[in-house]
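The structure file entry29.txt is reproduced below (compact mmCIF, N, CA and C atoms).
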# COMPACT_ATOMS: atom_id res chain seq x y z
N MET A 1274 79.84 -45.47 54.78
CA MET A 1274 79.50 -45.70 56.15
C MET A 1274 78.06 -45.26 56.39
N ALA A 1275 77.28 -46.10 57.00
CA ALA A 1275 75.87 -45.80 57.23
C ALA A 1275 75.74 -44.97 58.49
N THR A 1276 74.91 -43.94 58.41
CA THR A 1276 74.66 -43.11 59.60
C THR A 1276 73.33 -43.52 60.20
N MET A 1277 73.28 -43.42 61.49
CA MET A 1277 72.05 -43.79 62.19
C MET A 1277 71.27 -42.52 62.54
N SER A 1278 69.96 -42.60 62.45
CA SER A 1278 69.13 -41.46 62.82
C SER A 1278 69.13 -41.31 64.33
N PRO A 1279 68.82 -40.11 64.83
CA PRO A 1279 68.79 -39.93 66.29
C PRO A 1279 67.81 -40.88 66.97
N LEU A 1280 66.69 -41.16 66.31
CA LEU A 1280 65.69 -42.05 66.91
C LEU A 1280 66.23 -43.46 67.02
N SER A 1281 66.88 -43.96 65.95
CA SER A 1281 67.40 -45.31 66.00
C SER A 1281 68.56 -45.42 66.97
N ARG A 1282 69.37 -44.34 67.13
CA ARG A 1282 70.44 -44.36 68.13
C ARG A 1282 69.86 -44.42 69.53
N ALA A 1283 68.77 -43.68 69.78
CA ALA A 1283 68.15 -43.68 71.11
C ALA A 1283 67.58 -45.06 71.42
N ARG A 1284 67.00 -45.69 70.40
CA ARG A 1284 66.44 -47.03 70.61
C ARG A 1284 67.55 -48.04 70.90
N SER A 1285 68.65 -47.92 70.17
CA SER A 1285 69.72 -48.90 70.37
C SER A 1285 70.45 -48.65 71.69
N ALA A 1286 70.45 -47.40 72.19
CA ALA A 1286 71.16 -47.10 73.43
C ALA A 1286 70.34 -47.50 74.65
N ALA A 1287 69.01 -47.52 74.53
CA ALA A 1287 68.15 -47.85 75.67
C ALA A 1287 68.19 -49.35 75.92
N PRO A 1288 68.31 -49.74 77.18
CA PRO A 1288 68.29 -51.17 77.48
C PRO A 1288 66.90 -51.72 77.21
N PRO A 1289 66.80 -52.94 76.79
CA PRO A 1289 65.47 -53.51 76.51
C PRO A 1289 64.65 -53.60 77.80
N ALA A 1290 63.39 -53.24 77.68
CA ALA A 1290 62.50 -53.27 78.84
C ALA A 1290 62.20 -54.71 79.19
N PRO A 1291 62.28 -55.04 80.47
CA PRO A 1291 61.96 -56.43 80.85
C PRO A 1291 60.48 -56.67 80.61
N GLU A 1292 60.19 -57.83 80.11
CA GLU A 1292 58.80 -58.15 79.84
C GLU A 1292 58.08 -58.42 81.15
N ARG A 1293 56.86 -57.89 81.24
CA ARG A 1293 56.08 -58.02 82.47
C ARG A 1293 55.07 -59.15 82.30
N SER A 1294 54.76 -59.78 83.38
CA SER A 1294 53.80 -60.89 83.32
C SER A 1294 52.38 -60.35 83.14
N THR A 1295 51.52 -61.24 82.75
CA THR A 1295 50.12 -60.87 82.56
C THR A 1295 49.51 -60.41 83.87
N GLY A 1296 49.85 -61.05 84.96
CA GLY A 1296 49.34 -60.66 86.27
C GLY A 1296 49.76 -59.25 86.64
N GLU A 1297 51.04 -58.91 86.35
CA GLU A 1297 51.52 -57.56 86.65
C GLU A 1297 50.79 -56.53 85.80
N LEU A 1298 50.61 -56.86 84.51
CA LEU A 1298 49.90 -55.93 83.62
C LEU A 1298 48.45 -55.75 84.07
N LEU A 1299 47.80 -56.85 84.44
CA LEU A 1299 46.42 -56.77 84.90
C LEU A 1299 46.33 -55.97 86.20
N SER A 1300 47.29 -56.17 87.08
CA SER A 1300 47.33 -55.41 88.32
C SER A 1300 47.50 -53.92 88.05
N GLN A 1301 48.36 -53.59 87.11
CA GLN A 1301 48.59 -52.18 86.76
C GLN A 1301 47.32 -51.56 86.16
N VAL A 1302 46.66 -52.29 85.28
CA VAL A 1302 45.43 -51.79 84.66
C VAL A 1302 44.36 -51.58 85.74
N THR A 1303 44.21 -52.53 86.65
CA THR A 1303 43.23 -52.41 87.73
C THR A 1303 43.54 -51.19 88.60
N SER A 1304 44.82 -51.02 88.92
CA SER A 1304 45.22 -49.87 89.73
C SER A 1304 44.92 -48.56 89.01
N ASP A 1305 45.23 -48.52 87.72
CA ASP A 1305 44.95 -47.31 86.94
C ASP A 1305 43.46 -47.02 86.87
N LEU A 1306 42.65 -48.07 86.72
CA LEU A 1306 41.20 -47.87 86.67
C LEU A 1306 40.67 -47.37 88.01
N GLN A 1307 41.23 -47.87 89.11
CA GLN A 1307 40.80 -47.39 90.42
C GLN A 1307 41.12 -45.92 90.60
N VAL A 1308 42.32 -45.52 90.19
CA VAL A 1308 42.71 -44.12 90.29
C VAL A 1308 41.81 -43.26 89.42
N LEU A 1309 41.56 -43.72 88.20
CA LEU A 1309 40.70 -42.98 87.28
C LEU A 1309 39.30 -42.84 87.86
N PHE A 1310 38.76 -43.92 88.43
CA PHE A 1310 37.43 -43.87 89.01
C PHE A 1310 37.37 -42.90 90.18
N ARG A 1311 38.37 -42.93 91.04
CA ARG A 1311 38.40 -42.01 92.18
C ARG A 1311 38.46 -40.56 91.71
N GLN A 1312 39.27 -40.31 90.69
CA GLN A 1312 39.37 -38.95 90.16
C GLN A 1312 38.05 -38.50 89.57
N GLU A 1313 37.37 -39.39 88.88
CA GLU A 1313 36.07 -39.04 88.29
C GLU A 1313 35.04 -38.75 89.39
N VAL A 1314 35.08 -39.53 90.46
CA VAL A 1314 34.15 -39.30 91.57
C VAL A 1314 34.43 -37.95 92.22
N GLU A 1315 35.70 -37.63 92.42
CA GLU A 1315 36.05 -36.34 93.02
C GLU A 1315 35.62 -35.19 92.11
N LEU A 1316 35.81 -35.35 90.81
CA LEU A 1316 35.38 -34.32 89.86
C LEU A 1316 33.87 -34.15 89.91
N ALA A 1317 33.15 -35.27 89.96
CA ALA A 1317 31.68 -35.20 90.03
C ALA A 1317 31.23 -34.50 91.31
N LYS A 1318 31.90 -34.80 92.44
CA LYS A 1318 31.55 -34.13 93.70
C LYS A 1318 31.76 -32.62 93.59
N ALA A 1319 32.88 -32.22 93.02
CA ALA A 1319 33.17 -30.79 92.89
C ALA A 1319 32.15 -30.12 91.98
N GLU A 1320 31.81 -30.77 90.87
CA GLU A 1320 30.83 -30.19 89.95
C GLU A 1320 29.46 -30.09 90.61
N ILE A 1321 29.07 -31.12 91.35
CA ILE A 1321 27.76 -31.11 92.00
C ILE A 1321 27.70 -30.00 93.05
N LYS A 1322 28.79 -29.84 93.79
CA LYS A 1322 28.82 -28.78 94.80
C LYS A 1322 28.69 -27.40 94.14
N GLU A 1323 29.43 -27.20 93.05
CA GLU A 1323 29.38 -25.91 92.35
C GLU A 1323 27.99 -25.66 91.77
N GLU A 1324 27.42 -26.68 91.15
CA GLU A 1324 26.09 -26.52 90.56
C GLU A 1324 25.03 -26.36 91.65
N GLY A 1325 25.22 -27.03 92.79
CA GLY A 1325 24.29 -26.88 93.91
C GLY A 1325 24.28 -25.47 94.45
N THR A 1326 25.46 -24.87 94.51
CA THR A 1326 25.55 -23.48 94.97
C THR A 1326 24.80 -22.56 94.02
N LYS A 1327 25.01 -22.77 92.72
CA LYS A 1327 24.30 -21.94 91.73
C LYS A 1327 22.79 -22.15 91.85
N ALA A 1328 22.38 -23.42 92.00
CA ALA A 1328 20.95 -23.73 92.10
C ALA A 1328 20.34 -23.12 93.36
N GLY A 1329 21.10 -23.12 94.45
CA GLY A 1329 20.61 -22.52 95.69
C GLY A 1329 20.37 -21.03 95.54
N LYS A 1330 21.30 -20.35 94.88
CA LYS A 1330 21.12 -18.91 94.66
C LYS A 1330 19.92 -18.65 93.76
N ALA A 1331 19.80 -19.46 92.71
CA ALA A 1331 18.65 -19.29 91.80
C ALA A 1331 17.34 -19.56 92.53
N ALA A 1332 17.33 -20.59 93.40
CA ALA A 1332 16.11 -20.90 94.16
C ALA A 1332 15.75 -19.75 95.08
N GLY A 1333 16.75 -19.12 95.69
CA GLY A 1333 16.48 -17.95 96.53
C GLY A 1333 15.86 -16.82 95.73
N MET A 1334 16.35 -16.62 94.53
CA MET A 1334 15.78 -15.57 93.67
C MET A 1334 14.35 -15.92 93.26
N PHE A 1335 14.11 -17.20 92.95
CA PHE A 1335 12.74 -17.62 92.63
C PHE A 1335 11.82 -17.43 93.83
N GLY A 1336 12.34 -17.71 95.02
CA GLY A 1336 11.54 -17.49 96.23
C GLY A 1336 11.18 -16.03 96.40
N GLY A 1337 12.16 -15.14 96.17
CA GLY A 1337 11.89 -13.71 96.25
C GLY A 1337 10.88 -13.27 95.20
N ALA A 1338 11.01 -13.82 93.99
CA ALA A 1338 10.06 -13.48 92.93
C ALA A 1338 8.66 -13.98 93.29
N GLY A 1339 8.59 -15.16 93.88
CA GLY A 1339 7.29 -15.70 94.29
C GLY A 1339 6.63 -14.83 95.36
N PHE A 1340 7.44 -14.38 96.32
CA PHE A 1340 6.89 -13.50 97.36
C PHE A 1340 6.42 -12.18 96.76
N ALA A 1341 7.21 -11.62 95.83
CA ALA A 1341 6.81 -10.38 95.17
C ALA A 1341 5.51 -10.57 94.39
N GLY A 1342 5.38 -11.72 93.72
CA GLY A 1342 4.15 -12.02 92.99
C GLY A 1342 2.97 -12.15 93.94
N TYR A 1343 3.20 -12.77 95.08
CA TYR A 1343 2.16 -12.88 96.10
C TYR A 1343 1.69 -11.50 96.55
N MET A 1344 2.64 -10.62 96.80
CA MET A 1344 2.29 -9.26 97.24
C MET A 1344 1.50 -8.52 96.15
N VAL A 1345 1.88 -8.70 94.89
CA VAL A 1345 1.15 -8.07 93.79
C VAL A 1345 -0.29 -8.57 93.78
N LEU A 1346 -0.47 -9.89 93.89
CA LEU A 1346 -1.83 -10.43 93.88
C LEU A 1346 -2.63 -9.94 95.09
N LEU A 1347 -1.98 -9.84 96.23
CA LEU A 1347 -2.66 -9.35 97.43
C LEU A 1347 -3.18 -7.92 97.21
N PHE A 1348 -2.30 -7.06 96.71
CA PHE A 1348 -2.72 -5.67 96.53
C PHE A 1348 -3.69 -5.50 95.37
N LEU A 1349 -3.58 -6.32 94.33
CA LEU A 1349 -4.57 -6.28 93.26
C LEU A 1349 -5.93 -6.74 93.79
N SER A 1350 -5.90 -7.74 94.66
CA SER A 1350 -7.15 -8.20 95.27
C SER A 1350 -7.78 -7.09 96.12
N LEU A 1351 -6.95 -6.40 96.90
CA LEU A 1351 -7.47 -5.28 97.69
C LEU A 1351 -8.03 -4.19 96.80
N ALA A 1352 -7.34 -3.93 95.69
CA ALA A 1352 -7.83 -2.91 94.76
C ALA A 1352 -9.18 -3.33 94.18
N ALA A 1353 -9.32 -4.64 93.86
CA ALA A 1353 -10.60 -5.13 93.35
C ALA A 1353 -11.70 -4.99 94.40
N VAL A 1354 -11.37 -5.28 95.65
CA VAL A 1354 -12.35 -5.14 96.74
C VAL A 1354 -12.79 -3.68 96.84
N PHE A 1355 -11.82 -2.76 96.84
CA PHE A 1355 -12.17 -1.33 96.95
C PHE A 1355 -12.96 -0.85 95.73
N ALA A 1356 -12.63 -1.39 94.55
CA ALA A 1356 -13.37 -0.99 93.34
C ALA A 1356 -14.82 -1.47 93.43
N LEU A 1357 -15.00 -2.72 93.85
CA LEU A 1357 -16.36 -3.25 93.99
C LEU A 1357 -17.11 -2.56 95.13
N ALA A 1358 -16.37 -2.14 96.16
CA ALA A 1358 -17.00 -1.49 97.31
C ALA A 1358 -17.62 -0.15 96.93
N SER A 1359 -17.15 0.44 95.84
CA SER A 1359 -17.76 1.70 95.41
C SER A 1359 -19.13 1.47 94.78
N VAL A 1360 -19.41 0.19 94.42
CA VAL A 1360 -20.68 -0.14 93.79
C VAL A 1360 -21.61 -0.87 94.77
N MET A 1361 -21.05 -1.61 95.71
CA MET A 1361 -21.84 -2.42 96.65
C MET A 1361 -21.23 -2.35 98.04
N ASP A 1362 -21.81 -3.08 98.96
CA ASP A 1362 -21.32 -3.12 100.34
C ASP A 1362 -19.93 -3.76 100.37
N GLU A 1363 -19.06 -3.28 101.29
CA GLU A 1363 -17.67 -3.76 101.36
C GLU A 1363 -17.59 -5.26 101.66
N GLY A 1364 -18.47 -5.75 102.48
CA GLY A 1364 -18.48 -7.18 102.83
C GLY A 1364 -18.73 -8.05 101.61
N TRP A 1365 -19.71 -7.66 100.81
CA TRP A 1365 -20.00 -8.43 99.60
C TRP A 1365 -18.87 -8.33 98.59
N ALA A 1366 -18.25 -7.19 98.49
CA ALA A 1366 -17.12 -7.02 97.56
C ALA A 1366 -15.97 -7.96 97.95
N ALA A 1367 -15.65 -8.00 99.25
CA ALA A 1367 -14.58 -8.89 99.73
C ALA A 1367 -14.94 -10.35 99.51
N LEU A 1368 -16.23 -10.69 99.70
CA LEU A 1368 -16.67 -12.07 99.49
C LEU A 1368 -16.57 -12.48 98.03
N ILE A 1369 -16.88 -11.57 97.12
CA ILE A 1369 -16.78 -11.87 95.69
C ILE A 1369 -15.32 -12.13 95.30
N VAL A 1370 -14.41 -11.28 95.76
CA VAL A 1370 -12.98 -11.46 95.43
C VAL A 1370 -12.46 -12.76 96.04
N ALA A 1371 -12.87 -13.06 97.28
CA ALA A 1371 -12.45 -14.31 97.92
C ALA A 1371 -12.99 -15.52 97.16
N GLY A 1372 -14.21 -15.41 96.65
CA GLY A 1372 -14.80 -16.49 95.85
C GLY A 1372 -14.03 -16.73 94.56
N LEU A 1373 -13.61 -15.64 93.91
CA LEU A 1373 -12.79 -15.78 92.70
C LEU A 1373 -11.47 -16.51 93.00
N TRP A 1374 -10.86 -16.15 94.14
CA TRP A 1374 -9.61 -16.83 94.53
C TRP A 1374 -9.88 -18.29 94.88
N ALA A 1375 -11.01 -18.59 95.46
CA ALA A 1375 -11.35 -19.98 95.79
C ALA A 1375 -11.50 -20.81 94.51
N VAL A 1376 -12.15 -20.25 93.50
CA VAL A 1376 -12.30 -20.94 92.22
C VAL A 1376 -10.92 -21.17 91.58
N ALA A 1377 -10.08 -20.13 91.57
CA ALA A 1377 -8.74 -20.27 90.99
C ALA A 1377 -7.94 -21.35 91.73
N GLY A 1378 -8.05 -21.36 93.06
CA GLY A 1378 -7.34 -22.38 93.84
C GLY A 1378 -7.83 -23.78 93.54
N ALA A 1379 -9.14 -23.95 93.40
CA ALA A 1379 -9.71 -25.27 93.11
C ALA A 1379 -9.26 -25.77 91.74
N VAL A 1380 -9.27 -24.89 90.76
CA VAL A 1380 -8.83 -25.28 89.41
C VAL A 1380 -7.35 -25.69 89.43
N LEU A 1381 -6.51 -24.89 90.08
CA LEU A 1381 -5.08 -25.22 90.16
C LEU A 1381 -4.85 -26.53 90.92
N TYR A 1382 -5.63 -26.76 91.97
CA TYR A 1382 -5.51 -28.01 92.73
C TYR A 1382 -5.83 -29.21 91.84
N GLN A 1383 -6.91 -29.13 91.08
CA GLN A 1383 -7.29 -30.24 90.21
C GLN A 1383 -6.24 -30.51 89.14
N LYS A 1384 -5.72 -29.45 88.55
CA LYS A 1384 -4.68 -29.63 87.52
C LYS A 1384 -3.41 -30.21 88.13
N GLY A 1385 -3.03 -29.74 89.29
CA GLY A 1385 -1.84 -30.27 89.96
C GLY A 1385 -2.02 -31.73 90.35
N ARG A 1386 -3.20 -32.08 90.82
CA ARG A 1386 -3.48 -33.46 91.19
C ARG A 1386 -3.41 -34.38 89.98
N ALA A 1387 -3.95 -33.92 88.85
CA ALA A 1387 -3.89 -34.73 87.63
C ALA A 1387 -2.44 -34.90 87.16
N LYS A 1388 -1.65 -33.85 87.25
CA LYS A 1388 -0.23 -33.95 86.87
C LYS A 1388 0.52 -34.89 87.80
N MET A 1389 0.21 -34.83 89.09
CA MET A 1389 0.92 -35.65 90.07
C MET A 1389 0.67 -37.13 89.83
N ARG A 1390 -0.49 -37.47 89.32
CA ARG A 1390 -0.79 -38.87 89.04
C ARG A 1390 0.08 -39.43 87.93
N THR A 1391 0.63 -38.57 87.08
CA THR A 1391 1.50 -39.04 85.99
C THR A 1391 2.95 -39.17 86.42
N VAL A 1392 3.28 -38.74 87.65
CA VAL A 1392 4.65 -38.78 88.12
C VAL A 1392 4.98 -40.19 88.60
N SER A 1393 6.13 -40.69 88.16
CA SER A 1393 6.60 -42.01 88.60
C SER A 1393 7.76 -41.81 89.56
N PRO A 1394 7.67 -42.35 90.77
CA PRO A 1394 8.76 -42.15 91.73
C PRO A 1394 10.02 -42.95 91.39
N LYS A 1395 9.88 -43.95 90.52
CA LYS A 1395 11.02 -44.79 90.14
C LYS A 1395 11.64 -44.25 88.86
N PRO A 1396 12.94 -44.00 88.85
CA PRO A 1396 13.60 -43.52 87.62
C PRO A 1396 13.73 -44.66 86.61
N GLU A 1397 12.76 -44.79 85.74
CA GLU A 1397 12.65 -45.92 84.82
C GLU A 1397 13.88 -46.08 83.92
N ARG A 1398 14.34 -44.98 83.31
CA ARG A 1398 15.48 -45.09 82.38
C ARG A 1398 16.74 -45.51 83.12
N THR A 1399 16.95 -44.99 84.32
CA THR A 1399 18.14 -45.35 85.09
C THR A 1399 18.10 -46.83 85.45
N VAL A 1400 16.94 -47.32 85.89
CA VAL A 1400 16.82 -48.73 86.23
C VAL A 1400 17.12 -49.59 85.01
N GLN A 1401 16.61 -49.19 83.85
CA GLN A 1401 16.84 -49.96 82.63
C GLN A 1401 18.33 -49.98 82.27
N THR A 1402 19.00 -48.83 82.32
CA THR A 1402 20.41 -48.80 81.96
C THR A 1402 21.25 -49.58 82.97
N LEU A 1403 20.86 -49.56 84.25
CA LEU A 1403 21.57 -50.36 85.24
C LEU A 1403 21.42 -51.85 84.97
N LYS A 1404 20.22 -52.26 84.55
CA LYS A 1404 20.02 -53.66 84.18
C LYS A 1404 20.89 -54.03 82.99
N GLU A 1405 20.95 -53.14 81.99
CA GLU A 1405 21.79 -53.40 80.82
C GLU A 1405 23.26 -53.47 81.21
N ASP A 1406 23.70 -52.60 82.09
CA ASP A 1406 25.10 -52.62 82.55
C ASP A 1406 25.41 -53.91 83.29
N ALA A 1407 24.49 -54.35 84.14
CA ALA A 1407 24.70 -55.59 84.87
C ALA A 1407 24.76 -56.78 83.92
N GLU A 1408 23.90 -56.79 82.92
CA GLU A 1408 23.91 -57.85 81.92
C GLU A 1408 25.22 -57.86 81.15
N TRP A 1409 25.70 -56.69 80.78
CA TRP A 1409 26.97 -56.59 80.06
C TRP A 1409 28.13 -57.07 80.94
N ALA A 1410 28.09 -56.73 82.23
CA ALA A 1410 29.16 -57.15 83.13
C ALA A 1410 29.20 -58.65 83.28
N ARG A 1411 28.03 -59.29 83.24
CA ARG A 1411 27.99 -60.76 83.33
C ARG A 1411 28.50 -61.42 82.06
N HIS A 1412 28.20 -60.80 80.91
CA HIS A 1412 28.58 -61.37 79.62
C HIS A 1412 29.18 -60.27 78.73
N PRO A 1413 30.42 -59.86 79.00
CA PRO A 1413 30.99 -58.71 78.28
C PRO A 1413 31.29 -58.98 76.81
N THR A 1414 31.34 -60.21 76.38
CA THR A 1414 31.70 -60.50 74.99
C THR A 1414 30.50 -60.55 74.07
N THR A 1415 29.29 -60.56 74.63
CA THR A 1415 28.10 -60.67 73.76
C THR A 1415 27.56 -59.31 73.43
Could you render the structure from this file as structure tokens?
Amino acid sequence: MATMSPLSRARSAAPPAPERSTGELLSQVTSDLQVLFRQEVELAKAEIKEEGTKAGKAAGMFGGAGFAGYMVLLFLSLAAVFALASVMDEGWAALIVAGLWAVAGAVLYQKGRAKMRTVSPKPERTVQTLKEDAEWARHPTT
């Protein structure tokens, strides 16, 4: 007498699944893709919010560091004025330090302006990949 394995008994005991039409299968796939897309969007929103919070805190710390750096430069400038004032008139000492800061500002302005000219406001890679995606959507088999 032949014995049946538990798997084959389960298969033989289960009623055969009714075959579904292509339209039903396509509808199910579309529905599943919509659910998947919505879930991905919700996940992206949650991640962006979390990362935005972290970035905001980091930006606040950078702001504090920038202010502290500003105060350091201010007091170093005052120290330079007082050091020069021991050798010359206070007015001339302050004018020399202000002139040094003017030169530093002009140099930084020129470098920043040159860098800004290289900035492209259009995200070139994103535009290219969107064009490729659109082309693929029009002709998915090629």
When you draw a straight line from atom C of Ile1369 (chain A) to atom C of Leu1351 (chain A), how long is it in Å?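 Atom-to-atom, atom C of Ile1369 (chain A) and atom C of Leu1351 (chain A) are spaced 10.9 Å apart.
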Within 9 Å of (-15.2, -7.5, 96.7) (file coordinates; only C-alpha atoms), which protein or nucleic acid residues are there? I'd like them as an NGL selection string. :A and (1350-1358 or 1361-1371)
For CA of Gly1378 (chain A) and atom N of Ala1332 (chain A), the interatomic separation in Å (one decimal): 24.7 Å
To one decimal place, how far is CA of Trp1374 (chain A) from CA of Leu1349 (chain A) in Å? 11.8 Å
Listed atoms of region 1357-1373 of chain A boxed along x, y and z, 6 Å each side, centre and edge lengths in Å, one decimal, as lines of an AutoDock Vina configuration file:
center_x = -16.7
center_y = -7.5
center_z = 97.8
size_x = 22.4
size_y = 30.4
size_z = 22.1
